[in-house]
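These notes concern the structure reproduced below.
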Amino acid sequence: MFEGVPLTWFLITGTIMFFVGIYGFLVRKNLITILMSTELILNSVNINFVAFNKILYPDHLEGMFFSIFIIAVAAAEASMAIAIIINIYRRLVNIDVEKMNEMKY
Amino acid sequence: MTPNQLMFAIFSAVIIIFSILTVTSRRILRAATFLLFVLVATGGMYFLLRFNFLAAIQLTLYAGGIVVLIIFSILLTSHIGEKLEKPELKKIIPAFLAAAGGALITIATILQYNFPVEVVSMSERTNIRVIAKSLISTEKFGYALPFEVISILLLAAMVGAIILAKKRKD
């Protein structure tokens, strides 16, 4: 309980966000929208870490540090993914996952 | 309803509605804008929990950095007015069943578990001095090694992104 807000509310919000991200990951075909779904999934995990940290262990900071590292990894991942997407677009002139069935050789 | 509950309800509603719109919108630039709203509301949730430093990181790095990167790549790779084609029904139904089933199972499990209900005081903010000391300490609860590893990862990602996206000569 956090001054009127129970822990389960945070966890339910995180769960819904996570599975909406999973749905987008499975349904979308454009590579950039798949990347956005991944960002949703990473964010929902961050909410869970932070809520657990504040409500169950208020005098520790572990959940916050995990969130910081997740955000840093997400930034690295997004920059790499976008570099790869731009490279694919330059070769094949579209970024649809189902049309990417050729390799270089 | 206390002010905390009200703010939580607002942030939670924004997160849920706009994350659903992010994965269903057929205009890709709008989807990116909805993603920005979701990330800002998440930052608001960190402010609600009094993690001010984390909220600042969320707003600058996620909402400021990653969303701008995504919008740039959208502008580079697709036309503005273009609509994404509708996904077929035989793809939507299994994906929806998987997501809804997983969400239902997880929420049922969360509701069954008895979390402790003692009230946490929230007036205490995270001290920036404590964060900085933990990030460079090598003792217990110190994060010197992950901090250095993440800096190397970011450097490697930067070099890799430049090399991948560079124009080839041939």
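Within each chain, counting starts at residue 1; across the structure tokens, chains are named A, B, ... in the order shown, with ligands numbered 1 upward in that order.
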Practice task
Show which residues sit within 7 Å of Ala63 of chain B, as a list of chain:residue names. Count only C-alpha atoms, and ignore same-chain residues fewer than 6 positions away.
Solution key: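 Here the answer would be B:Leu36, B:Leu39, B:Val40.
The list of residues with at least one atom within 12 Å of segment 103-106 of chain B, based on only C-alpha atoms and without residues fewer than 2 positions apart in the same chain, reads Thr8, Leu11, Ile12, Thr13, Gly14, Thr15, Ile16, Met17, Phe18, Phe19, Val20, Gly21, Ile22 and Tyr23 of chain A; Phe96, Leu97, Ala98, Ala99, Ala100, Gly101, Ala108, Thr109, Ile110, Leu111, Gln112 and Tyr113 of chain B.
Residues with any atom within 8 Å of Val73 of chain A, counting only C-alpha atoms and excluding same-chain neighbours fewer than 5 positions away, are Ile150, Leu153 and Leu154 of chain B.
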Using the selection just defined, write its residues with N, CA and C atoms as a PDB file, in the first residue's frame.
```pdb
ATOM      1  N   ILE B 150      27.672  -1.045 -18.828  1.00  0.00           N
ATOM      2  CA  ILE B 150      26.669  -0.356 -19.632  1.00  0.00           C
ATOM      3  C   ILE B 150      27.330   0.770 -20.443  1.00  0.00           C
ATOM      4  N   LEU B 153      28.744  -0.908 -23.402  1.00  0.00           N
ATOM      5  CA  LEU B 153      27.656  -1.295 -24.306  1.00  0.00           C
ATOM      6  C   LEU B 153      27.182  -0.104 -25.129  1.00  0.00           C
ATOM      7  N   LEU B 154      27.028   1.047 -24.458  1.00  0.00           N
ATOM      8  CA  LEU B 154      26.556   2.229 -25.187  1.00  0.00           C
ATOM      9  C   LEU B 154      27.580   2.662 -26.230  1.00  0.00           C
TER      10      LEU B 154
END
```
Exercise for the section: Check the smallest atom-to-atom distance from each of B:Val159, B:Val14, B:Ile20, B:Leu61 to Phe37 of chain B using only C-alpha atoms, then report the winner. Expected result: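 Closest candidate: B:Val14.
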Check chain A with DSSP on the backbone and list each residue it calls alpha helix (DSSP H), as an mmCIF file with N, CA and C atoms, in the first residue's frame.
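Result file follows (out.cif):
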```cif
data_model
loop_
_atom_site.group_PDB
_atom_site.id
_atom_site.type_symbol
_atom_site.label_atom_id
_atom_site.label_comp_id
_atom_site.auth_asym_id
_atom_site.auth_seq_id
_atom_site.Cartn_x
_atom_site.Cartn_y
_atom_site.Cartn_z
ATOM 1 N N LEU A 7 -0.260 -2.031 -4.148
ATOM 2 C CA LEU A 7 0.748 -2.502 -5.105
ATOM 3 C C LEU A 7 0.111 -3.175 -6.308
ATOM 4 N N THR A 8 -1.033 -3.887 -6.069
ATOM 5 C CA THR A 8 -1.635 -4.643 -7.172
ATOM 6 C C THR A 8 -2.074 -3.724 -8.311
ATOM 7 N N TRP A 9 -2.439 -2.484 -8.007
ATOM 8 C CA TRP A 9 -2.860 -1.586 -9.093
ATOM 9 C C TRP A 9 -1.699 -1.328 -10.052
ATOM 10 N N PHE A 10 -0.521 -1.063 -9.478
ATOM 11 C CA PHE A 10 0.647 -0.852 -10.343
ATOM 12 C C PHE A 10 0.928 -2.108 -11.168
ATOM 13 N N LEU A 11 0.853 -3.265 -10.500
ATOM 14 C CA LEU A 11 1.183 -4.502 -11.219
ATOM 15 C C LEU A 11 0.188 -4.770 -12.334
ATOM 16 N N ILE A 12 -1.104 -4.450 -12.095
ATOM 17 C CA ILE A 12 -2.102 -4.698 -13.147
ATOM 18 C C ILE A 12 -1.867 -3.758 -14.325
ATOM 19 N N THR A 13 -1.556 -2.488 -14.037
ATOM 20 C CA THR A 13 -1.236 -1.570 -15.136
ATOM 21 C C THR A 13 -0.059 -2.083 -15.945
ATOM 22 N N GLY A 14 1.004 -2.534 -15.233
ATOM 23 C CA GLY A 14 2.170 -3.065 -15.937
ATOM 24 C C GLY A 14 1.826 -4.282 -16.762
ATOM 25 N N THR A 15 0.977 -5.156 -16.216
ATOM 26 C CA THR A 15 0.604 -6.370 -16.955
ATOM 27 C C THR A 15 -0.130 -6.040 -18.237
ATOM 28 N N ILE A 16 -1.103 -5.110 -18.133
ATOM 29 C CA ILE A 16 -1.875 -4.774 -19.339
ATOM 30 C C ILE A 16 -0.960 -4.173 -20.402
ATOM 31 N N MET A 17 -0.061 -3.296 -19.973
ATOM 32 C CA MET A 17 0.867 -2.664 -20.920
ATOM 33 C C MET A 17 1.755 -3.724 -21.570
ATOM 34 N N PHE A 18 2.246 -4.672 -20.764
ATOM 35 C CA PHE A 18 3.115 -5.728 -21.291
ATOM 36 C C PHE A 18 2.395 -6.536 -22.360
ATOM 37 N N PHE A 19 1.151 -6.941 -22.069
ATOM 38 C CA PHE A 19 0.499 -7.827 -23.035
ATOM 39 C C PHE A 19 -0.023 -7.063 -24.244
ATOM 40 N N VAL A 20 -0.309 -5.764 -24.091
ATOM 41 C CA VAL A 20 -0.601 -4.970 -25.282
ATOM 42 C C VAL A 20 0.635 -4.925 -26.171
ATOM 43 N N GLY A 21 1.825 -4.796 -25.539
ATOM 44 C CA GLY A 21 3.067 -4.829 -26.316
ATOM 45 C C GLY A 21 3.250 -6.156 -27.029
ATOM 46 N N ILE A 22 2.932 -7.265 -26.338
ATOM 47 C CA ILE A 22 3.051 -8.598 -26.964
ATOM 48 C C ILE A 22 2.126 -8.696 -28.176
ATOM 49 N N TYR A 23 0.878 -8.189 -27.998
ATOM 50 C CA TYR A 23 -0.091 -8.219 -29.103
ATOM 51 C C TYR A 23 0.454 -7.453 -30.310
ATOM 52 N N GLY A 24 0.975 -6.249 -30.053
ATOM 53 C CA GLY A 24 1.520 -5.466 -31.155
ATOM 54 C C GLY A 24 2.698 -6.162 -31.812
ATOM 55 N N PHE A 25 3.511 -6.799 -30.989
ATOM 56 C CA PHE A 25 4.679 -7.505 -31.525
ATOM 57 C C PHE A 25 4.251 -8.622 -32.461
ATOM 58 N N LEU A 26 3.135 -9.298 -32.119
ATOM 59 C CA LEU A 26 2.706 -10.423 -32.958
ATOM 60 C C LEU A 26 1.955 -9.960 -34.196
ATOM 61 N N VAL A 27 1.197 -8.849 -34.086
ATOM 62 C CA VAL A 27 0.301 -8.482 -35.177
ATOM 63 C C VAL A 27 0.967 -7.593 -36.219
ATOM 64 N N LEU A 31 8.562 -2.853 -39.428
ATOM 65 C CA LEU A 31 9.621 -3.053 -38.430
ATOM 66 C C LEU A 31 9.610 -1.982 -37.351
ATOM 67 N N ILE A 32 9.271 -0.735 -37.720
ATOM 68 C CA ILE A 32 9.317 0.336 -36.717
ATOM 69 C C ILE A 32 8.210 0.161 -35.692
ATOM 70 N N THR A 33 7.033 -0.310 -36.131
ATOM 71 C CA THR A 33 5.964 -0.537 -35.142
ATOM 72 C C THR A 33 6.310 -1.699 -34.216
ATOM 73 N N ILE A 34 7.046 -2.689 -34.743
ATOM 74 C CA ILE A 34 7.498 -3.783 -33.868
ATOM 75 C C ILE A 34 8.463 -3.234 -32.819
ATOM 76 N N LEU A 35 9.335 -2.326 -33.241
ATOM 77 C CA LEU A 35 10.262 -1.694 -32.287
ATOM 78 C C LEU A 35 9.499 -0.927 -31.214
ATOM 79 N N MET A 36 8.409 -0.235 -31.609
ATOM 80 C CA MET A 36 7.623 0.504 -30.615
ATOM 81 C C MET A 36 6.969 -0.451 -29.621
ATOM 82 N N SER A 37 6.504 -1.618 -30.101
ATOM 83 C CA SER A 37 5.929 -2.608 -29.173
ATOM 84 C C SER A 37 6.977 -3.066 -28.167
ATOM 85 N N THR A 38 8.220 -3.235 -28.646
ATOM 86 C CA THR A 38 9.286 -3.644 -27.728
ATOM 87 C C THR A 38 9.507 -2.597 -26.647
ATOM 88 N N GLU A 39 9.429 -1.322 -27.046
ATOM 89 C CA GLU A 39 9.605 -0.259 -26.048
ATOM 90 C C GLU A 39 8.494 -0.335 -24.990
ATOM 91 N N LEU A 40 7.262 -0.636 -25.439
ATOM 92 C CA LEU A 40 6.164 -0.784 -24.469
ATOM 93 C C LEU A 40 6.465 -1.893 -23.470
ATOM 94 N N ILE A 41 6.968 -3.028 -23.970
ATOM 95 C CA ILE A 41 7.250 -4.162 -23.084
ATOM 96 C C ILE A 41 8.309 -3.769 -22.054
ATOM 97 N N LEU A 42 9.394 -3.114 -22.518
ATOM 98 C CA LEU A 42 10.471 -2.730 -21.589
ATOM 99 C C LEU A 42 9.956 -1.755 -20.539
ATOM 100 N N ASN A 43 9.073 -0.839 -20.957
ATOM 101 C CA ASN A 43 8.552 0.150 -20.014
ATOM 102 C C ASN A 43 7.691 -0.481 -18.936
ATOM 103 N N SER A 44 6.882 -1.486 -19.324
ATOM 104 C CA SER A 44 6.018 -2.113 -18.323
ATOM 105 C C SER A 44 6.870 -2.813 -17.266
ATOM 106 N N VAL A 45 7.979 -3.411 -17.692
ATOM 107 C CA VAL A 45 8.870 -4.055 -16.723
ATOM 108 C C VAL A 45 9.433 -3.013 -15.757
ATOM 109 N N ASN A 46 9.763 -1.835 -16.286
ATOM 110 C CA ASN A 46 10.283 -0.763 -15.418
ATOM 111 C C ASN A 46 9.268 -0.367 -14.355
ATOM 112 N N ILE A 47 7.997 -0.243 -14.748
ATOM 113 C CA ILE A 47 6.972 0.124 -13.767
ATOM 114 C C ILE A 47 6.923 -0.902 -12.648
ATOM 115 N N ASN A 48 6.987 -2.191 -13.012
ATOM 116 C CA ASN A 48 6.936 -3.226 -11.981
ATOM 117 C C ASN A 48 8.123 -3.138 -11.037
ATOM 118 N N PHE A 49 9.324 -2.962 -11.591
ATOM 119 C CA PHE A 49 10.518 -2.871 -10.744
ATOM 120 C C PHE A 49 10.387 -1.731 -9.756
ATOM 121 N N VAL A 50 9.966 -0.561 -10.257
ATOM 122 C CA VAL A 50 9.911 0.628 -9.403
ATOM 123 C C VAL A 50 8.847 0.478 -8.329
ATOM 124 N N ALA A 51 7.683 -0.103 -8.695
ATOM 125 C CA ALA A 51 6.617 -0.247 -7.701
ATOM 126 C C ALA A 51 7.028 -1.227 -6.608
ATOM 127 N N PHE A 52 7.652 -2.351 -7.009
ATOM 128 C CA PHE A 52 8.122 -3.303 -6.001
ATOM 129 C C PHE A 52 9.124 -2.651 -5.071
ATOM 130 N N ASN A 53 10.038 -1.882 -5.654
ATOM 131 C CA ASN A 53 11.069 -1.239 -4.848
ATOM 132 C C ASN A 53 10.455 -0.301 -3.826
ATOM 133 N N LYS A 54 9.517 0.561 -4.264
ATOM 134 C CA LYS A 54 9.002 1.580 -3.357
ATOM 135 C C LYS A 54 8.101 0.981 -2.285
ATOM 136 N N ILE A 55 7.311 -0.014 -2.654
ATOM 137 C CA ILE A 55 6.277 -0.459 -1.725
ATOM 138 C C ILE A 55 6.751 -1.601 -0.847
ATOM 139 N N LEU A 56 7.560 -2.521 -1.368
ATOM 140 C CA LEU A 56 8.002 -3.634 -0.521
ATOM 141 C C LEU A 56 9.316 -3.316 0.198
ATOM 142 N N GLU A 62 17.354 -0.860 -5.188
ATOM 143 C CA GLU A 62 17.741 -1.812 -6.231
ATOM 144 C C GLU A 62 16.838 -1.721 -7.463
ATOM 145 N N GLY A 63 15.537 -1.638 -7.245
ATOM 146 C CA GLY A 63 14.620 -1.573 -8.378
ATOM 147 C C GLY A 63 14.892 -0.376 -9.260
ATOM 148 N N MET A 64 15.239 0.752 -8.633
ATOM 149 C CA MET A 64 15.531 1.943 -9.425
ATOM 150 C C MET A 64 16.769 1.736 -10.277
ATOM 151 N N PHE A 65 17.811 1.094 -9.715
ATOM 152 C CA PHE A 65 19.020 0.888 -10.520
ATOM 153 C C PHE A 65 18.749 -0.065 -11.672
ATOM 154 N N PHE A 66 17.952 -1.110 -11.397
ATOM 155 C CA PHE A 66 17.605 -2.007 -12.504
ATOM 156 C C PHE A 66 16.879 -1.236 -13.597
ATOM 157 N N SER A 67 15.968 -0.329 -13.195
ATOM 158 C CA SER A 67 15.250 0.446 -14.209
ATOM 159 C C SER A 67 16.201 1.318 -15.007
ATOM 160 N N ILE A 68 17.176 1.921 -14.323
ATOM 161 C CA ILE A 68 18.124 2.769 -15.048
ATOM 162 C C ILE A 68 18.884 1.947 -16.073
ATOM 163 N N PHE A 69 19.322 0.735 -15.673
ATOM 164 C CA PHE A 69 20.079 -0.077 -16.628
ATOM 165 C C PHE A 69 19.187 -0.547 -17.767
ATOM 166 N N ILE A 70 17.913 -0.855 -17.461
ATOM 167 C CA ILE A 70 17.005 -1.261 -18.544
ATOM 168 C C ILE A 70 16.820 -0.114 -19.533
ATOM 169 N N ILE A 71 16.703 1.129 -19.010
ATOM 170 C CA ILE A 71 16.531 2.264 -19.917
ATOM 171 C C ILE A 71 17.765 2.428 -20.796
ATOM 172 N N ALA A 72 18.965 2.228 -20.214
ATOM 173 C CA ALA A 72 20.182 2.369 -21.014
ATOM 174 C C ALA A 72 20.248 1.300 -22.093
ATOM 175 N N VAL A 73 19.901 0.057 -21.723
ATOM 176 C CA VAL A 73 19.915 -1.017 -22.726
ATOM 177 C C VAL A 73 18.883 -0.744 -23.807
ATOM 178 N N ALA A 74 17.713 -0.204 -23.409
ATOM 179 C CA ALA A 74 16.684 0.099 -24.409
ATOM 180 C C ALA A 74 17.168 1.165 -25.373
ATOM 181 N N ALA A 75 17.926 2.152 -24.873
ATOM 182 C CA ALA A 75 18.439 3.189 -25.764
ATOM 183 C C ALA A 75 19.415 2.582 -26.761
ATOM 184 N N ALA A 76 20.326 1.725 -26.273
ATOM 185 C CA ALA A 76 21.285 1.076 -27.180
ATOM 186 C C ALA A 76 20.560 0.241 -28.215
ATOM 187 N N GLU A 77 19.543 -0.510 -27.741
ATOM 188 C CA GLU A 77 18.788 -1.382 -28.631
ATOM 189 C C GLU A 77 18.055 -0.581 -29.700
ATOM 190 N N ALA A 78 17.441 0.533 -29.301
ATOM 191 C CA ALA A 78 16.699 1.327 -30.286
ATOM 192 C C ALA A 78 17.638 1.900 -31.332
ATOM 193 N N SER A 79 18.825 2.381 -30.904
ATOM 194 C CA SER A 79 19.717 2.976 -31.896
ATOM 195 C C SER A 79 20.212 1.917 -32.881
ATOM 196 N N MET A 80 20.566 0.725 -32.367
ATOM 197 C CA MET A 80 21.019 -0.338 -33.275
ATOM 198 C C MET A 80 19.896 -0.757 -34.213
ATOM 199 N N ALA A 81 18.687 -0.943 -33.659
ATOM 200 C CA ALA A 81 17.573 -1.397 -34.485
ATOM 201 C C ALA A 81 17.288 -0.402 -35.591
ATOM 202 N N ILE A 82 17.367 0.884 -35.263
ATOM 203 C CA ILE A 82 17.047 1.866 -36.297
ATOM 204 C C ILE A 82 18.135 1.910 -37.351
ATOM 205 N N ALA A 83 19.411 1.708 -36.951
ATOM 206 C CA ALA A 83 20.474 1.638 -37.959
ATOM 207 C C ALA A 83 20.233 0.463 -38.904
ATOM 208 N N ILE A 84 19.843 -0.695 -38.332
ATOM 209 C CA ILE A 84 19.590 -1.866 -39.176
ATOM 210 C C ILE A 84 18.393 -1.611 -40.090
ATOM 211 N N ILE A 85 17.335 -0.969 -39.539
ATOM 212 C CA ILE A 85 16.140 -0.709 -40.352
ATOM 213 C C ILE A 85 16.480 0.199 -41.528
ATOM 214 N N ILE A 86 17.287 1.241 -41.269
ATOM 215 C CA ILE A 86 17.640 2.153 -42.361
ATOM 216 C C ILE A 86 18.473 1.433 -43.414
ATOM 217 N N ASN A 87 19.358 0.554 -42.959
ATOM 218 C CA ASN A 87 20.169 -0.207 -43.910
ATOM 219 C C ASN A 87 19.301 -1.124 -44.773
ATOM 220 N N ILE A 88 18.322 -1.784 -44.127
ATOM 221 C CA ILE A 88 17.417 -2.660 -44.880
ATOM 222 C C ILE A 88 16.609 -1.853 -45.879
ATOM 223 N N TYR A 89 16.134 -0.677 -45.435
ATOM 224 C CA TYR A 89 15.334 0.165 -46.337
ATOM 225 C C TYR A 89 16.153 0.565 -47.558
ATOM 226 N N ARG A 90 17.448 0.828 -47.341
ATOM 227 C CA ARG A 90 18.284 1.244 -48.460
ATOM 228 C C ARG A 90 18.443 0.125 -49.476
ATOM 229 N N ARG A 91 18.484 -1.134 -49.011
ATOM 230 C CA ARG A 91 18.668 -2.241 -49.946
ATOM 231 C C ARG A 91 17.358 -2.675 -50.599
ATOM 232 N N LEU A 92 16.287 -2.764 -49.805
ATOM 233 C CA LEU A 92 15.059 -3.405 -50.300
ATOM 234 C C LEU A 92 13.913 -2.434 -50.527
#
```
Problem - Residue nearest Val5 of chain A among B:Ala9, B:Val68, B:Phe147, B:Thr60 (counting only C-alpha atoms) - result: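 Using only C-alpha atoms, Val5 of chain A sits closest to B:Ala9.
Of the listed residues (B:Ala132, B:Thr126, B:Lys140, B:Ser73), B:Ser73 comes nearest to Ala165 of chain B; the distances count only C-alpha atoms.
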